[in-house]
$ cat model.cif   # mmCIF, C-alpha atoms
data_start
#
loop_
_atom_site.label_atom_id
_atom_site.label_comp_id
_atom_site.auth_asym_id
_atom_site.auth_seq_id
_atom_site.Cartn_x
_atom_site.Cartn_y
_atom_site.Cartn_z
CA MET A 1 2.93 23.08 -21.31
CA ASP A 2 -0.66 23.25 -20.08
CA ILE A 3 -2.44 20.38 -18.36
CA LEU A 4 -4.50 19.34 -21.39
CA SER A 5 -1.50 19.04 -23.66
CA PHE A 6 0.30 17.14 -20.88
CA ILE A 7 -2.59 14.68 -20.66
CA ASP A 8 -2.92 14.41 -24.43
CA LYS A 9 0.80 13.79 -24.81
CA GLY A 10 0.56 10.85 -22.40
CA GLY A 11 -1.86 9.07 -24.69
CA VAL A 12 -4.43 6.38 -24.01
CA ILE A 13 -2.79 5.13 -20.84
CA VAL A 14 -3.11 8.55 -19.20
CA TYR A 15 -6.81 8.62 -20.08
CA ILE A 16 -7.23 5.18 -18.50
CA LEU A 17 -5.41 6.40 -15.39
CA ILE A 18 -7.64 9.47 -15.21
CA ALA A 19 -10.75 7.27 -15.44
CA LEU A 20 -9.40 5.05 -12.66
CA ASN A 21 -8.62 8.13 -10.59
CA ILE A 22 -12.18 9.44 -10.96
CA LEU A 23 -13.60 6.03 -10.03
CA GLY A 24 -11.28 5.71 -7.05
CA PHE A 25 -11.94 9.18 -5.69
CA SER A 26 -15.68 8.62 -6.04
CA ILE A 27 -15.39 5.48 -3.94
CA MET A 28 -13.14 7.26 -1.43
CA ILE A 29 -15.74 10.00 -0.98
CA LEU A 30 -18.42 7.36 -0.36
CA LYS A 31 -16.15 5.60 2.13
CA LEU A 32 -15.52 8.87 3.98
CA ILE A 33 -19.28 9.34 4.19
CA ASN A 34 -19.47 5.80 5.62
CA ILE A 35 -16.95 6.74 8.30
CA PHE A 36 -18.97 9.77 9.37
CA GLN A 37 -22.23 7.80 9.27
CA PHE A 38 -20.71 5.04 11.38
CA LYS A 39 -19.94 7.54 14.12
CA LYS A 40 -23.64 8.50 14.14
CA VAL A 41 -25.01 4.92 14.12
CA LYS A 42 -22.36 3.27 16.28
CA GLN A 43 -24.70 3.10 19.26
CA THR A 44 -27.42 1.55 17.10
CA TYR A 45 -24.95 -1.13 15.98
CA ILE A 46 -23.95 -1.81 19.57
CA ASP A 47 -27.59 -2.06 20.71
CA SER A 48 -28.37 -4.39 17.81
CA ILE A 49 -25.45 -6.69 18.58
CA VAL A 50 -26.20 -6.75 22.33
CA LYS A 51 -29.82 -7.60 21.57
CA GLU A 52 -28.78 -10.44 19.23
CA VAL A 53 -26.25 -11.81 21.73
CA ASN A 54 -28.76 -11.72 24.61
CA ALA A 55 -31.48 -13.35 22.50
CA SER A 56 -29.13 -16.01 21.17
CA THR A 57 -28.89 -19.57 22.39
CA HIS A 58 -25.33 -19.78 21.09
CA THR A 59 -22.81 -21.11 23.54
CA LEU A 60 -19.84 -20.14 21.40
CA GLY A 61 -19.57 -16.84 23.22
CA ILE A 62 -16.77 -14.70 21.90
CA GLU A 63 -16.72 -16.37 18.48
CA TYR A 64 -20.40 -15.59 17.99
CA LEU A 65 -19.81 -12.02 19.13
CA ASN A 66 -16.92 -11.70 16.69
CA SER A 67 -19.10 -12.90 13.82
CA LEU A 68 -21.86 -10.42 14.70
CA VAL A 69 -19.42 -7.51 14.93
CA HIS A 70 -17.66 -8.57 11.76
CA SER A 71 -20.97 -8.71 9.87
CA LYS A 72 -21.60 -5.05 10.78
CA ILE A 73 -18.10 -3.99 9.70
CA LYS A 74 -18.27 -6.09 6.52
CA LYS A 75 -20.92 -3.73 5.16
CA LEU A 76 -18.43 -0.87 5.41
CA GLU A 77 -15.77 -2.83 3.50
CA SER A 78 -17.59 -2.92 0.17
CA GLY A 79 -15.68 -1.10 -2.55
CA VAL A 80 -12.46 -0.82 -0.59
CA ASN A 81 -10.78 -3.53 -2.67
CA THR A 82 -11.37 -1.40 -5.76
CA ILE A 83 -9.29 1.33 -4.14
CA LYS A 84 -6.57 -1.21 -3.42
CA ILE A 85 -6.64 -2.44 -7.02
CA ILE A 86 -6.36 1.11 -8.34
CA ALA A 87 -3.43 1.78 -6.01
CA THR A 88 -1.76 -1.39 -7.26
CA ILE A 89 -2.34 -1.21 -11.00
CA SER A 90 -1.80 2.53 -11.53
CA PRO A 91 2.00 2.34 -11.29
CA LEU A 92 1.89 -0.76 -13.47
CA LEU A 93 -0.08 1.12 -16.10
CA GLY A 94 2.45 3.95 -15.78
CA LEU A 95 5.21 1.42 -16.33
CA LEU A 96 3.38 0.06 -19.34
CA GLY A 97 3.29 3.60 -20.73
CA THR A 98 7.00 3.88 -20.04
CA VAL A 99 7.69 0.73 -22.02
CA VAL A 100 5.44 1.88 -24.87
CA GLY A 101 7.16 5.29 -24.93
CA ILE A 102 10.65 3.79 -24.95
CA LEU A 103 9.59 1.31 -27.61
CA SER A 104 8.25 4.19 -29.69
CA SER A 105 11.55 6.02 -29.28
CA PHE A 106 13.58 3.03 -30.44
CA ASP A 107 11.19 2.50 -33.33
CA THR A 108 11.74 6.13 -34.36
CA ILE A 109 15.52 5.73 -34.09
CA SER A 110 15.42 2.60 -36.25
CA LYS A 111 13.45 4.43 -38.95
CA VAL A 112 15.09 7.87 -39.07
CA GLY A 113 18.20 7.53 -36.95
CA LEU A 114 19.27 10.17 -34.46
CA GLU A 115 19.19 13.01 -36.98
CA ASP A 116 16.15 14.65 -35.35
CA PRO A 117 16.32 14.44 -31.55
CA MET A 118 12.81 15.91 -31.26
CA LEU A 119 11.33 12.74 -32.76
CA PHE A 120 13.26 10.60 -30.31
CA SER A 121 12.41 12.77 -27.32
CA SER A 122 8.63 12.56 -27.87
CA GLY A 123 8.71 8.84 -27.02
CA ILE A 124 10.73 9.56 -23.90
CA SER A 125 8.25 12.26 -22.98
CA ILE A 126 5.36 9.79 -23.23
CA ALA A 127 7.33 7.39 -21.06
CA LEU A 128 7.88 9.95 -18.32
CA ILE A 129 4.35 11.37 -18.41
CA THR A 130 2.70 7.98 -17.96
CA THR A 131 5.06 7.10 -15.13
CA VAL A 132 4.31 10.36 -13.33
CA VAL A 133 0.55 10.05 -13.78
CA GLY A 134 0.61 6.41 -12.63
CA LEU A 135 2.33 7.44 -9.41
CA ILE A 136 0.07 10.47 -8.92
CA VAL A 137 -2.97 8.20 -9.14
CA SER A 138 -1.51 5.42 -7.02
CA ILE A 139 -0.17 7.29 -4.01
CA PRO A 140 -3.41 8.85 -2.65
CA HIS A 141 -5.31 5.60 -3.24
CA PHE A 142 -2.65 3.64 -1.38
CA ILE A 143 -2.72 6.08 1.55
CA PHE A 144 -6.51 6.10 1.70
CA TYR A 145 -6.78 2.32 1.50
CA ASN A 146 -4.45 1.88 4.48
CA TYR A 147 -6.21 4.63 6.45
CA TYR A 148 -9.64 3.16 5.78
CA VAL A 149 -8.67 -0.43 6.61
CA SER A 150 -7.05 0.65 9.89
CA THR A 151 -10.15 2.73 10.69
CA LEU A 152 -12.39 -0.30 10.13
CA ASP A 153 -10.12 -2.43 12.30
CA ASN A 154 -10.40 0.18 15.03
CA TYR A 155 -14.19 0.32 14.67
CA GLU A 156 -14.36 -3.45 15.02
CA LEU A 157 -12.36 -3.32 18.25
CA VAL A 158 -14.51 -0.48 19.60
CA LEU A 159 -17.72 -2.37 18.82
CA LYS A 160 -16.44 -5.54 20.50
CA ASP A 161 -15.29 -3.60 23.55
CA GLU A 162 -18.57 -1.71 23.91
CA VAL A 163 -20.68 -4.84 23.44
CA LEU A 164 -18.62 -6.78 25.99
CA LYS A 165 -19.15 -3.99 28.53
CA ARG A 166 -22.91 -4.27 28.10
CA ILE A 167 -23.31 -8.05 28.14
#
$ encode --input "model.cif" --output "structure tokens"
Amino acid sequence: MDILSFIDKGGVIVYILIALNILGFSIMILKLINIFQFKKVKQTYIDSIVKEVNASTHTLGIEYLNSLVHSKIKKLESGVNTIKIIATISPLLGLLGTVVGILSSFDTISKVGLEDPMLFSSGISIALITTVVGLIVSIPHFIFYNYYVSTLDNYELVLKDEVLKRI
């Protein structure tokens, strides 16, 4: 079975999963670009925060610093929840396809009986294909989401540490 017939056999749910996968990978590429850009502009961020802290009349100290650093990191967080949503709903869509496939199989059995196993097995095939595709879409998005969030957490700590050294 070639890839196109595999996709076609999975039905509408597989097409939805493919669309989500394309959207998610597009966002992941943009987020990777953000990571590389951050490494280039990190010093600019630090200088900007130090300048704001030194010019500020705030007496809150560390809380004000945290808010400044967080505002810089917040810009990098945009779109990351979409990746999390894709990672979460993809297996659910796969499960929905499983239920639809099994339902189709039982509908076929109720109409024609078990005389032709090929008719019954097509519903099972849909069920398995959508489950597989749902997991294939979900796993890399889940891994990337966790990697990206931990990277942002690390960047936030680095910014705070560097700013504190310079104040």
$ resolve_selection --input "model.cif" --expression "the PyMOL selection byres ((chain A and resi 36-51) around 7)" --output "list of chain:residue names"
A:Leu32, A:Ile33, A:Asn34, A:Ile35, A:Glu52, A:Val53, A:Asn54, A:Ala55, A:Leu68, A:Leu159, A:Glu162, A:Val163, A:Ile167
$ resolve_selection --input "model.cif" --expression "the PyMOL selection byres ((chain A and resi 97) around 8)" --output "PDB file with C-alpha atoms, in the coordinates of the input"
ATOM      1  CA  GLY A  10       0.560  10.850 -22.400  1.00  0.00           C
ATOM      2  CA  ILE A  13      -2.790   5.130 -20.840  1.00  0.00           C
ATOM      3  CA  LEU A  93      -0.080   1.120 -16.100  1.00  0.00           C
ATOM      4  CA  GLY A  94       2.450   3.950 -15.780  1.00  0.00           C
ATOM      5  CA  LEU A  95       5.210   1.420 -16.330  1.00  0.00           C
ATOM      6  CA  LEU A  96       3.380   0.060 -19.340  1.00  0.00           C
ATOM      7  CA  THR A  98       7.000   3.880 -20.040  1.00  0.00           C
ATOM      8  CA  VAL A  99       7.690   0.730 -22.020  1.00  0.00           C
ATOM      9  CA  VAL A 100       5.440   1.880 -24.870  1.00  0.00           C
ATOM     10  CA  GLY A 101       7.160   5.290 -24.930  1.00  0.00           C
ATOM     11  CA  ILE A 126       5.360   9.790 -23.230  1.00  0.00           C
ATOM     12  CA  ALA A 127       7.330   7.390 -21.060  1.00  0.00           C
ATOM     13  CA  THR A 130       2.700   7.980 -17.960  1.00  0.00           C
ATOM     14  CA  THR A 131       5.060   7.100 -15.130  1.00  0.00           C
TER      15      THR A 131
END
$ resolve_selection --input "model.cif" --expression "the PyMOL selection byres ((chain A and resi 123) around 7)" --output "VMD selection string"
chain A and resid 101 to 102 104 to 105 120 to 122 124 to 127
$ residues_around --input "model.cif" --residues "segment 18-20 of chain A" --least-positions-apart "3" --cutoff "12 Å" --atoms "all atoms listed in the file" --output "ChimeraX atom specification"
/A:7-8,10-15,23-27,82-91,93-94,130,133-138,141
$ closest_residue --input "model.cif" --among "A:Ile129, A:Leu30, A:Leu103, A:Ser110" --to "Phe6 of chain A" --atoms "all atoms listed in the file"
A:Ile129
$ atom_distance --input "model.cif" --atom1 "atom CA of Phe106 of chain A" --atom2 "atom CA of Ile3 of chain A"
26.5 Å
$ atom_distance --input "model.cif" --atom1 "atom CA of Tyr155 of chain A" --atom2 "atom CA of Val69 of chain A"
9.4 Å
$ closest_residue --input "model.cif" --among "A:Leu157, A:Ile22, A:Met28, A:Leu4" --to "Gly79 of chain A" --atoms "only C-alpha atoms"
A:Met28
$ atom_distance --input "model.cif" --atom1 "atom CA of Asn66 of chain A" --atom2 "atom CA of Arg166 of chain A"
14.9 Å
$ axis_aligned_box --input "model.cif" --around "segment 144-155 of chain A" --padding-each-side "6 Å" --output "AutoDock Vina command-line options"
--center_x -9.3 --center_y 1.8 --center_z 8.3 --size_x 21.7 --size_y 20.5 --size_z 25.5
